[in-house]
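Visitor: Structure: final.cif, mmCIF, C-alpha atoms.
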data_my_file
loop_
_atom_site.label_atom_id
_atom_site.label_comp_id
_atom_site.auth_asym_id
_atom_site.auth_seq_id
_atom_site.Cartn_x
_atom_site.Cartn_y
_atom_site.Cartn_z
CA MET Z 109 49.56 41.07 42.75
CA LEU Z 110 53.29 41.11 43.05
CA VAL Z 111 53.52 43.67 40.29
CA GLU Z 112 50.97 45.81 42.02
CA LYS Z 113 52.94 45.60 45.27
CA HIS Z 114 56.11 46.48 43.43
CA ASN Z 115 54.43 49.46 41.81
CA ASN Z 116 53.11 50.64 45.15
CA ALA Z 117 56.56 50.31 46.68
CA CYS Z 118 58.09 52.23 43.81
CA HIS Z 119 55.46 54.89 44.12
CA LYS Z 120 56.21 55.19 47.83
CA ILE Z 121 59.95 55.40 47.18
CA ASN Z 122 59.33 58.08 44.55
CA GLN Z 123 57.19 60.07 46.95
CA GLU Z 124 59.83 59.85 49.66
CA THR Z 125 62.59 60.72 47.28
CA SER Z 126 60.75 63.78 46.12
CA ARG Z 127 60.04 64.80 49.71
CA ASP Z 128 63.76 64.44 50.50
CA GLU Z 129 64.63 66.38 47.41
CA LEU Z 130 62.16 69.06 48.36
CA GLU Z 131 63.60 69.31 51.85
CA ARG Z 132 67.12 69.43 50.46
CA TYR Z 133 66.03 72.09 47.99
CA PHE Z 134 64.45 74.28 50.68
CA SER Z 135 67.29 73.79 53.10
CA SER Z 136 69.83 74.78 50.44
CA LYS Z 137 67.64 77.75 49.41
CA VAL Z 138 67.43 78.92 53.03
CA GLN Z 139 71.18 78.50 53.41
CA THR Z 140 71.90 80.45 50.24
CA GLU Z 141 69.54 83.19 51.39
CA PHE Z 142 71.23 83.23 54.80
CA VAL Z 143 74.73 83.49 53.33
CA ASN Z 144 73.49 86.37 51.18
CA LEU Z 145 72.03 88.16 54.18
CA ALA Z 146 75.16 87.65 56.27
CA GLY Z 147 77.23 88.94 53.32
CA HIS Z 148 74.93 91.94 53.03
CA GLU Z 149 75.34 92.78 56.72
CA MET Z 150 79.11 92.47 56.46
CA LYS Z 151 79.45 94.60 53.35
CA THR Z 152 77.22 97.34 54.73
CA SER Z 153 79.36 97.69 57.87
CA ILE Z 154 82.60 97.44 55.89
CA GLN Z 155 81.33 100.19 53.56
CA ALA Z 156 80.74 102.50 56.53
CA ILE Z 157 84.13 101.69 58.11
CA LEU Z 158 85.90 102.18 54.78
CA THR Z 159 84.35 105.57 54.05
CA TYR Z 160 84.67 106.93 57.59
CA SER Z 161 88.33 105.83 57.68
CA GLU Z 162 88.93 107.77 54.47
CA LEU Z 163 87.23 110.82 55.97
CA LEU Z 164 89.28 110.48 59.15
CA GLN Z 165 92.49 111.02 57.21
CA ASP Z 166 91.74 114.72 56.89
CA ARG Z 167 93.36 116.13 60.02
CA HIS Z 168 91.53 119.43 59.82
CA ASP Z 169 88.04 117.96 59.81
CA LYS Z 170 86.09 119.05 62.88
CA HIS Z 171 84.01 115.88 62.95
CA ARG Z 172 86.84 113.38 63.37
CA GLU Z 173 85.50 112.26 66.73
CA ASP Z 174 82.13 111.43 65.16
CA TYR Z 175 83.87 109.44 62.40
CA ALA Z 176 85.84 107.45 64.99
CA LYS Z 177 82.58 106.70 66.82
CA ALA Z 178 80.95 105.56 63.59
CA ILE Z 179 83.89 103.26 62.85
CA LEU Z 180 83.63 101.78 66.33
CA ARG Z 181 79.87 101.35 65.95
CA ASN Z 182 80.21 99.49 62.66
CA ALA Z 183 83.16 97.41 63.83
CA SER Z 184 80.97 96.40 66.79
CA ARG Z 185 78.24 95.38 64.38
CA LEU Z 186 80.73 93.18 62.56
CA ARG Z 187 81.88 91.73 65.85
CA MET Z 188 78.28 90.96 66.77
CA LEU Z 189 77.75 89.26 63.42
CA SER Z 190 80.87 87.13 63.76
CA ASN Z 191 79.91 86.23 67.35
CA ASN Z 192 76.43 85.30 66.17
CA LEU Z 193 77.87 83.04 63.49
CA SER Z 194 80.08 81.19 65.96
CA ASP Z 195 77.25 80.99 68.54
CA PHE Z 196 74.97 79.57 65.88
CA THR Z 197 77.50 76.81 65.21
CA LYS Z 198 77.81 76.16 68.96
CA ILE Z 199 74.04 75.92 69.42
CA ASN Z 200 73.67 73.62 66.43
CA SER Z 201 76.32 71.26 67.73
CA ASP Z 202 75.00 71.49 71.30
CA MET Z 203 78.16 73.20 72.52
CA LEU Z 204 76.71 76.33 74.13
CA ARG Z 205 78.25 76.44 77.62
CA LEU Z 206 77.48 78.96 80.35
CA LYS Z 207 80.12 80.42 82.68
CA LYS Z 208 78.04 81.28 85.70
CA GLU Z 209 78.98 83.67 88.48
CA ARG Z 210 77.15 85.83 90.99
CA PHE Z 211 76.77 89.45 89.90
CA ASP Z 212 74.51 92.50 90.16
CA LEU Z 213 72.28 92.49 87.07
CA GLY Z 214 71.16 96.06 87.82
CA ILE Z 215 74.71 97.35 87.51
CA LEU Z 216 75.28 95.32 84.35
CA ILE Z 217 72.14 96.75 82.73
CA SER Z 218 72.90 100.36 83.60
CA THR Z 219 76.48 99.98 82.31
CA LEU Z 220 75.23 98.41 79.09
CA ALA Z 221 72.64 101.17 78.64
CA GLU Z 222 75.31 103.83 79.12
CA ASP Z 223 77.70 102.20 76.61
CA PHE Z 224 74.87 101.73 74.16
CA ARG Z 225 73.81 105.37 74.51
CA ASN Z 226 77.35 106.55 73.76
CA MET Z 227 77.86 104.30 70.81
CA ASN Z 228 74.58 104.80 69.01
CA ARG Z 229 72.75 107.61 67.36
CA CYS Z 230 70.64 108.26 70.50
CA GLN Z 231 71.65 111.90 70.80
CA GLU Z 232 71.14 112.84 67.17
CA ALA Z 233 67.85 110.93 66.95
CA LYS Z 234 66.76 112.20 70.39
CA ILE Z 235 66.19 108.65 71.56
CA LYS Z 236 66.21 108.39 75.34
CA ILE Z 237 67.23 105.17 77.02
CA VAL Z 238 65.57 104.94 80.39
CA VAL Z 239 66.54 102.29 82.93
CA HIS Z 240 64.25 101.29 85.78
CA TYR Z 241 65.88 98.96 88.28
CA GLN Z 242 66.20 98.13 91.90
CA LYS Z 243 69.66 98.24 93.42
CA HIS Z 244 71.55 95.07 94.28
CA VAL Z 245 69.66 92.58 92.18
CA TYR Z 246 72.03 89.64 92.34
CA VAL Z 247 71.78 86.69 90.04
CA TYR Z 248 73.82 83.57 89.46
CA ALA Z 249 74.18 83.46 85.71
CA ASP Z 250 76.55 83.98 82.76
CA SER Z 251 77.07 87.76 82.76
CA GLU Z 252 78.64 87.90 79.29
CA ARG Z 253 75.82 85.90 77.77
CA LEU Z 254 73.13 87.98 79.46
CA ALA Z 255 74.90 91.15 78.30
CA GLN Z 256 74.82 89.70 74.78
CA VAL Z 257 71.06 89.13 75.02
CA ILE Z 258 70.37 92.61 76.42
CA LEU Z 259 72.55 94.31 73.76
CA ASN Z 260 70.86 92.31 71.05
CA LEU Z 261 67.42 93.37 72.27
CA LEU Z 262 68.57 97.00 72.58
CA ASP Z 263 69.99 96.81 69.09
CA ASN Z 264 66.68 95.57 67.75
CA ALA Z 265 64.79 98.23 69.67
CA ILE Z 266 66.88 101.06 68.23
CA LYS Z 267 66.72 99.60 64.74
CA PHE Z 268 62.96 99.99 64.77
CA THR Z 269 62.70 103.24 66.74
CA GLU Z 270 62.96 106.43 64.74
CA LYS Z 271 62.39 108.67 67.73
CA GLY Z 272 61.03 108.27 71.24
CA ASP Z 273 62.14 106.30 74.24
CA ILE Z 274 63.52 102.86 74.82
CA SER Z 275 63.02 101.68 78.37
CA ILE Z 276 64.66 98.81 80.20
CA LYS Z 277 62.97 97.45 83.27
CA LEU Z 278 64.55 95.04 85.74
CA GLU Z 279 62.31 93.54 88.39
CA SER Z 280 62.71 90.71 90.85
CA GLN Z 281 59.55 88.68 91.01
CA GLU Z 282 57.90 86.74 93.76
CA ASP Z 283 58.57 83.36 92.16
CA ASP Z 284 62.36 83.84 92.54
CA TYR Z 285 62.69 84.93 88.95
CA LEU Z 286 64.12 88.14 87.53
CA LEU Z 287 62.25 89.88 84.77
CA VAL Z 288 63.99 92.07 82.19
CA ALA Z 289 61.73 93.96 79.76
CA ILE Z 290 62.88 96.21 76.92
CA THR Z 291 60.16 98.42 75.50
CA ASP Z 292 60.48 100.47 72.33
CA THR Z 293 58.26 102.97 70.59
CA GLY Z 294 58.74 101.62 67.07
CA PRO Z 295 56.08 100.25 64.70
CA GLY Z 296 55.55 97.04 66.72
CA ILE Z 297 55.96 93.46 65.52
CA ASP Z 298 54.37 92.50 62.23
CA ILE Z 299 51.74 89.78 62.79
CA SER Z 300 53.17 87.70 59.95
CA VAL Z 301 56.64 87.68 61.55
CA LYS Z 302 55.53 87.15 65.17
CA PRO Z 303 55.06 83.34 65.25
CA ASN Z 304 58.58 82.76 63.91
CA LEU Z 305 60.30 85.62 65.70
CA PHE Z 306 62.66 83.45 67.76
CA ASN Z 307 63.27 80.83 65.07
CA LYS Z 308 66.54 80.70 63.21
CA PHE Z 309 66.73 82.67 59.96
CA ALA Z 310 63.55 84.63 60.79
CA THR Z 311 64.16 88.18 59.63
CA SER Z 312 62.29 91.19 58.32
CA SER Z 313 62.78 91.91 54.66
CA HIS Z 314 65.29 94.70 54.99
CA SER Z 315 67.83 93.98 57.67
CA GLY Z 316 69.45 91.41 59.89
CA THR Z 317 70.37 87.78 59.39
CA GLY Z 318 67.70 86.20 61.58
CA LEU Z 319 70.21 84.80 64.07
CA GLY Z 320 70.08 87.33 66.93
CA LEU Z 321 66.77 86.42 68.56
CA TYR Z 322 67.30 82.70 67.96
CA ILE Z 323 70.58 82.92 69.89
CA CYS Z 324 68.93 85.02 72.64
CA LYS Z 325 66.26 82.36 73.06
CA ASN Z 326 68.87 79.61 73.37
CA ILE Z 327 70.91 81.58 75.93
CA ILE Z 328 67.86 82.35 78.07
CA GLU Z 329 66.60 78.77 77.89
CA ALA Z 330 70.06 77.49 78.86
CA HIS Z 331 69.61 79.58 82.03
CA GLY Z 332 66.31 77.84 82.69
CA GLY Z 333 64.38 80.93 81.62
CA ARG Z 334 61.93 82.05 78.99
CA ILE Z 335 61.91 84.85 76.38
CA TRP Z 336 58.91 86.35 74.60
CA ALA Z 337 57.73 89.42 72.74
CA GLU Z 338 54.47 91.29 72.49
CA ASN Z 339 53.13 94.48 71.01
CA ASN Z 340 52.39 97.17 73.58
CA SER Z 341 48.76 97.55 74.56
CA ASP Z 342 48.71 101.22 73.49
CA LYS Z 343 49.61 99.98 69.98
CA ASN Z 344 52.84 101.92 70.18
CA GLY Z 345 55.94 99.73 69.81
CA ALA Z 346 56.84 96.35 71.22
CA THR Z 347 58.21 94.83 74.43
CA PHE Z 348 60.75 92.01 74.52
CA SER Z 349 60.96 90.32 77.88
CA PHE Z 350 62.86 87.50 79.49
CA LYS Z 351 62.68 85.80 82.84
CA ILE Z 352 65.49 83.84 84.47
CA PRO Z 353 65.71 82.15 87.85
CA ILE Z 354 67.66 84.23 90.41
CA ASN Z 355 69.54 81.16 91.51
CA PRO Z 356 68.84 77.94 89.65
CA TYR Z 357 70.30 75.88 92.50
CA ASN Z 358 68.50 77.74 95.24
CA SER Z 359 67.76 74.69 97.34
CA GLY Z 360 69.91 75.40 100.37
CA ILE Z 361 73.24 75.95 98.59
CA SER Z 362 74.80 79.27 99.52
CA TYR Z 363 76.27 81.78 97.11
CA THR Z 364 79.61 81.44 98.92
CA LYS Z 365 79.87 77.87 97.76
CA PHE Z 366 79.36 78.98 94.17
CA LEU Z 367 81.91 81.74 94.56
CA ASN Z 368 84.38 79.27 96.04
CA SER Z 369 83.75 76.76 93.30
CA ARG Z 370 84.40 79.45 90.76
CA ILE Z 371 87.69 80.39 92.36
CA GLU Z 372 88.72 76.77 92.31
CA VAL Z 373 88.07 76.61 88.57
CA MET D 94 78.53 121.40 40.25
CA LYS D 95 76.96 117.95 39.70
CA LYS D 96 74.12 117.08 42.00
CA ILE D 97 73.67 113.56 43.43
CA LEU D 98 70.79 112.09 45.41
CA VAL D 99 71.74 109.24 47.75
CA VAL D 100 68.98 106.99 49.16
CA ASP D 101 70.04 104.34 51.68
CA ASP D 102 68.34 103.20 54.88
CA GLU D 103 71.65 103.13 56.79
CA PRO D 104 72.37 106.60 58.25
CA ASP D 105 76.09 105.75 58.51
CA ILE D 106 76.21 105.07 54.78
CA THR D 107 74.34 108.21 53.66
CA SER D 108 76.22 110.47 56.02
CA SER D 109 79.70 109.15 55.15
CA ILE D 110 79.06 108.93 51.40
CA LYS D 111 77.61 112.45 51.40
CA ASN D 112 80.68 113.80 53.14
CA GLY D 113 83.04 111.85 50.86
CA LEU D 114 81.32 112.98 47.66
CA GLN D 115 81.16 116.59 48.83
CA ARG D 116 84.93 116.54 49.25
CA LYS D 117 85.19 115.46 45.62
CA GLY D 118 83.15 118.45 44.54
CA PHE D 119 79.64 117.04 44.28
CA GLU D 120 76.51 118.53 45.75
CA VAL D 121 74.68 115.81 47.66
CA ASP D 122 71.21 115.30 49.13
CA THR D 123 70.39 112.17 51.14
CA TYR D 124 67.37 110.28 52.38
CA ASN D 125 67.17 107.25 54.69
CA ASP D 126 63.50 106.68 53.95
CA PRO D 127 62.79 105.87 50.27
CA THR D 128 59.18 107.07 50.58
CA ASP D 129 60.45 110.51 51.70
CA ALA D 130 62.88 110.50 48.78
CA LEU D 131 60.00 109.80 46.41
CA SER D 132 57.57 112.38 47.79
CA ASN D 133 60.27 115.07 47.72
CA PHE D 134 61.65 114.07 44.33
CA THR D 135 61.78 116.89 41.82
CA PRO D 136 62.45 115.97 38.16
CA ASP D 137 65.66 117.39 36.67
CA LYS D 138 67.00 118.39 40.08
CA TYR D 139 69.68 115.70 40.15
CA ASP D 140 72.33 114.57 37.68
CA LEU D 141 72.37 111.10 39.19
CA LEU D 142 70.55 108.98 41.77
CA LEU D 143 72.52 106.53 43.91
CA ILE D 144 70.02 104.08 45.36
CA ASP D 145 70.37 101.23 47.84
CA ILE D 146 68.23 98.18 47.09
CA ARG D 147 67.39 96.43 50.35
CA MET D 148 65.38 99.06 52.23
CA PRO D 149 62.25 98.99 54.41
CA LYS D 150 58.90 100.36 53.16
CA MET D 151 60.00 100.39 49.53
CA ASN D 152 62.94 98.62 47.90
CA GLY D 153 65.30 100.31 45.49
CA PHE D 154 63.65 98.77 42.40
CA GLU D 155 60.24 100.08 43.38
CA LEU D 156 61.69 103.50 44.10
CA TYR D 157 63.37 103.45 40.68
CA ARG D 158 60.10 102.53 38.95
CA GLU D 159 58.20 105.33 40.72
CA VAL D 160 60.90 107.92 40.11
CA LYS D 161 61.02 106.91 36.46
CA LYS D 162 57.29 107.75 36.20
CA LYS D 163 58.03 111.27 37.43
CA SER D 164 61.12 111.76 35.30
CA GLY D 165 61.71 109.55 32.27
CA ASN D 166 65.33 110.46 31.67
CA VAL D 167 66.56 110.16 35.24
CA ARG D 168 70.01 108.57 35.64
CA ILE D 169 70.34 105.88 38.27
CA CYS D 170 73.04 103.74 39.78
CA PHE D 171 72.11 101.04 42.26
CA PHE D 172 74.47 100.99 45.21
CA THR D 173 74.12 97.58 46.78
CA ALA D 174 75.67 95.00 49.07
CA PHE D 175 73.42 92.29 47.66
CA GLU D 176 74.89 90.10 44.93
CA VAL D 177 71.74 88.37 43.72
CA TYR D 178 69.82 91.52 43.04
CA TYR D 179 71.02 92.05 39.50
CA ASP D 180 69.31 88.89 38.20
CA GLU D 181 66.26 89.58 40.31
CA PHE D 182 66.02 93.04 38.83
CA ARG D 183 66.22 91.68 35.29
CA LYS D 184 63.34 89.30 36.04
CA MET D 185 61.17 91.85 37.81
CA PHE D 186 61.62 94.73 35.42
CA PRO D 187 62.63 93.37 32.00
CA ASN D 188 61.77 96.70 30.39
CA LEU D 189 63.72 98.95 32.70
CA GLU D 190 67.20 99.79 31.52
CA VAL D 191 69.78 100.06 34.27
CA LYS D 192 73.33 99.15 33.59
CA CYS D 193 74.92 100.73 36.59
CA PHE D 194 75.22 98.46 39.61
CA ILE D 195 77.87 99.62 42.08
CA ARG D 196 78.80 97.02 44.66
CA LYS D 197 79.48 97.83 48.29
CA PRO D 198 82.03 98.05 49.80
CA ILE D 199 83.85 100.57 47.64
CA THR D 200 86.29 103.44 48.25
CA ILE D 201 85.20 107.01 47.59
CA ASN D 202 87.70 107.30 44.72
CA ASP D 203 86.31 104.21 42.99
CA LEU D 204 82.75 105.37 43.62
CA VAL D 205 83.57 108.72 42.01
CA THR D 206 85.08 106.91 39.00
CA HIS D 207 81.83 104.94 38.56
CA ILE D 208 79.71 108.08 38.94
CA ASN D 209 81.80 110.03 36.44
CA THR D 210 81.70 107.18 33.92
CA GLU D 211 77.91 107.12 34.23
CA LEU D 212 77.65 110.90 33.90
CA GLU D 213 79.85 110.92 30.80
CA LYS D 214 77.65 108.36 29.06
CA HIS D 215 74.82 110.81 28.55
#
As structure tokens - that is how I would like this structure written.
Guide:
Amino acid sequence: MLVEKHNNACHKINQETSRDELERYFSSKVQTEFVNLAGHEMKTSIQAILTYSELLQDRHDKHREDYAKAILRNASRLRMLSNNLSDFTKINSDMLRLKKERFDLGILISTLAEDFRNMNRCQEAKIKIVVHYQKHVYVYADSERLAQVILNLLDNAIKFTEKGDISIKLESQEDDYLLVAITDTGPGIDISVKPNLFNKFATSSHSGTGLGLYICKNIIEAHGGRIWAENNSDKNGATFSFKIPINPYNSGISYTKFLNSRIEV
Amino acid sequence: MKKILVVDDEPDITSSIKNGLQRKGFEVDTYNDPTDALSNFTPDKYDLLLIDIRMPKMNGFELYREVKKKSGNVRICFFTAFEVYYDEFRKMFPNLEVKCFIRKPITINDLVTHINTELEKH
């Protein structure tokens, strides 16, 4: 009887050990894969910066301005990657902090769209970025973090759009929420990827590190909002949307108080 | 003039590498979509193919296998930012002979040295 008990216990321990081992194995495999992907992203951008810098050294080249733009574009990609890596660490150690202020989200979005248009291959690829927004849509939120989310979604949209339009819609909704929706005309979201889209390390087979959307989700949720994605009903492209409360502390506290409290900080 | 075909899904890579190689006296065609590269591939048109590995629709290994069917003696260098691919390639295609793996990032001068070494081998 005792022996049998002992055997059972050993069996259980063995099972648990192998489960632990399995988990450790998968977690280390995922980490290795992630480091490879991050390395791949880095090297690709460095390759572009390196070659364009070499080309830029020829003073008589007519396309020097284009080279400088390409260097800026790739350096920005590297910056986004390094920001994503540090944000990932912050999220994992529960250190993501918002710096909230009152600002006009409409102005922020149109500025971002303009910068994005200038920096990317929109002109060559004839991709139009259309912004639909009402004027003076104020929100009490972290403007830098929301800009990061919007740029990330725009970046995704352009990555999957060969030609056509990308539209950004900003709408204030009746339930005191603001809705931002970014619609592309790319191939849409693969059904196999969709359930894990906002999970860490979820990425398509050919690009990205799988951190961007995971970070977006965490930023939006930290604002008390929600982010989601769906394929467009006309089967042409996808729409990524998020909703955030206009003022999370709307119960009788005026904006002035927030502004004052910010000045005090 | 030696003719090179560059296939890479990153437009910034194809466009800058094309420009850099042209300055060194090569004639260069580029594709960002490997399936376009395959459907437009003409045997004996190029002295060397420079192919990225991690691409959508078709990865560099698959493109290599398909191109090889069209032209048995085609010369290929993989141009990759992915370290693990060499072993993966060996496992996937034990019968395919490719010895030229050029690792990104690399300067144009070093890239040209690799290309010339490969061209001189044959």
Visitor: Got a sec to pull out which chain Z residues are within 7 Å of chain D, counting only C-alpha atoms, and send them as a PyMOL selection string?
Guide: chain Z and resi 144+148+151-152+154-156+158-160+163+314
Visitor: Can you turn the PyMOL selection byres ((chain Z and resi 348) around 7) into a concrete residue list for this file, as an mmCIF file with C-alpha atoms, keeping the file's coordinate frame?
Guide:
data_model
loop_
_atom_site.group_PDB
_atom_site.id
_atom_site.type_symbol
_atom_site.label_atom_id
_atom_site.label_comp_id
_atom_site.auth_asym_id
_atom_site.auth_seq_id
_atom_site.Cartn_x
_atom_site.Cartn_y
_atom_site.Cartn_z
ATOM 1 C CA ALA Z 289 61.730 93.960 79.760
ATOM 2 C CA ILE Z 290 62.880 96.210 76.920
ATOM 3 C CA THR Z 291 60.160 98.420 75.500
ATOM 4 C CA TRP Z 336 58.910 86.350 74.600
ATOM 5 C CA ALA Z 337 57.730 89.420 72.740
ATOM 6 C CA GLU Z 338 54.470 91.290 72.490
ATOM 7 C CA ALA Z 346 56.840 96.350 71.220
ATOM 8 C CA THR Z 347 58.210 94.830 74.430
ATOM 9 C CA SER Z 349 60.960 90.320 77.880
#
Visitor: For the structure provided, state which residues fall under the PyMOL selection byres ((chain D and resi 143-145) around 9), and present them as a count of residues only.
Guide: 26
Visitor: CA of Ser161 (chain Z) and CA of Tyr175 (chain Z) are how many Å apart?
Guide: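 Separation between CA of Ser161 (chain Z) and CA of Tyr175 (chain Z): 7.4 Å.
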Visitor: List, as a PyMOL selection string, every residue that the PyMOL selection byres ((chain Z and resi 331) around 10) selects in the file provided.
Guide: chain Z and resi 206+208+248-250+253-254+325-330+332-334+351-356
Visitor: Which residues are close to Gly294 (chain Z), i.e. within 8 Å by all atoms listed in the file, leaving aside same-chain residues fewer than 6 positions away? Reply as a list in words.
Guide: Ala265, Phe268, Thr269, Glu270, Lys271, Asn344, Gly345 and Ala346 of chain Z
Visitor: Counting all atoms listed in the file, what is within 10 Å of Ser164 (chain D), bar same-chain residues fewer than 2 positions away, as a short mmCIF file (atom, residue, chain, number, x, y, z; two decimals) with C-alpha atoms, keeping the file's coordinate frame?
Guide:
data_model
loop_
_atom_site.label_atom_id
_atom_site.label_comp_id
_atom_site.auth_asym_id
_atom_site.auth_seq_id
_atom_site.Cartn_x
_atom_site.Cartn_y
_atom_site.Cartn_z
CA PHE D 134 61.65 114.07 44.33
CA THR D 135 61.78 116.89 41.82
CA PRO D 136 62.45 115.97 38.16
CA ASP D 137 65.66 117.39 36.67
CA ARG D 158 60.10 102.53 38.95
CA GLU D 159 58.20 105.33 40.72
CA VAL D 160 60.90 107.92 40.11
CA LYS D 161 61.02 106.91 36.46
CA LYS D 162 57.29 107.75 36.20
CA ASN D 166 65.33 110.46 31.67
CA VAL D 167 66.56 110.16 35.24
CA ARG D 168 70.01 108.57 35.64
#
Visitor: In Å, rounded to a single decimal, give me how far CA of Gln281 (chain Z) is from CA of Ser218 (chain Z).
Guide: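 It comes out at 19.2 Å.
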Visitor: May I ask for the distance between CA of Leu287 (chain Z) and CA of Ile274 (chain Z), given in Å to one decimal place?
Guide: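 Atom-to-atom, CA of Leu287 (chain Z) and CA of Ile274 (chain Z) are spaced 16.4 Å apart.
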Visitor: Might you pull out every residue within 9 Å of region 209-216 of chain Z, with all atoms listed in the file counted and same-chain residues fewer than 4 positions away left off, and present them as a list in words?
Guide: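 Contacts, with the query itself left out: Leu220, Ala221, His240, Tyr241, Gln242, Lys243, His244, Val245, Tyr246, Val247, Tyr248, Ala249, Asp250, Ser251, Leu254, Ala255, Leu278, Asn355, Tyr363, Phe366, Leu367 and Arg370 of chain Z.
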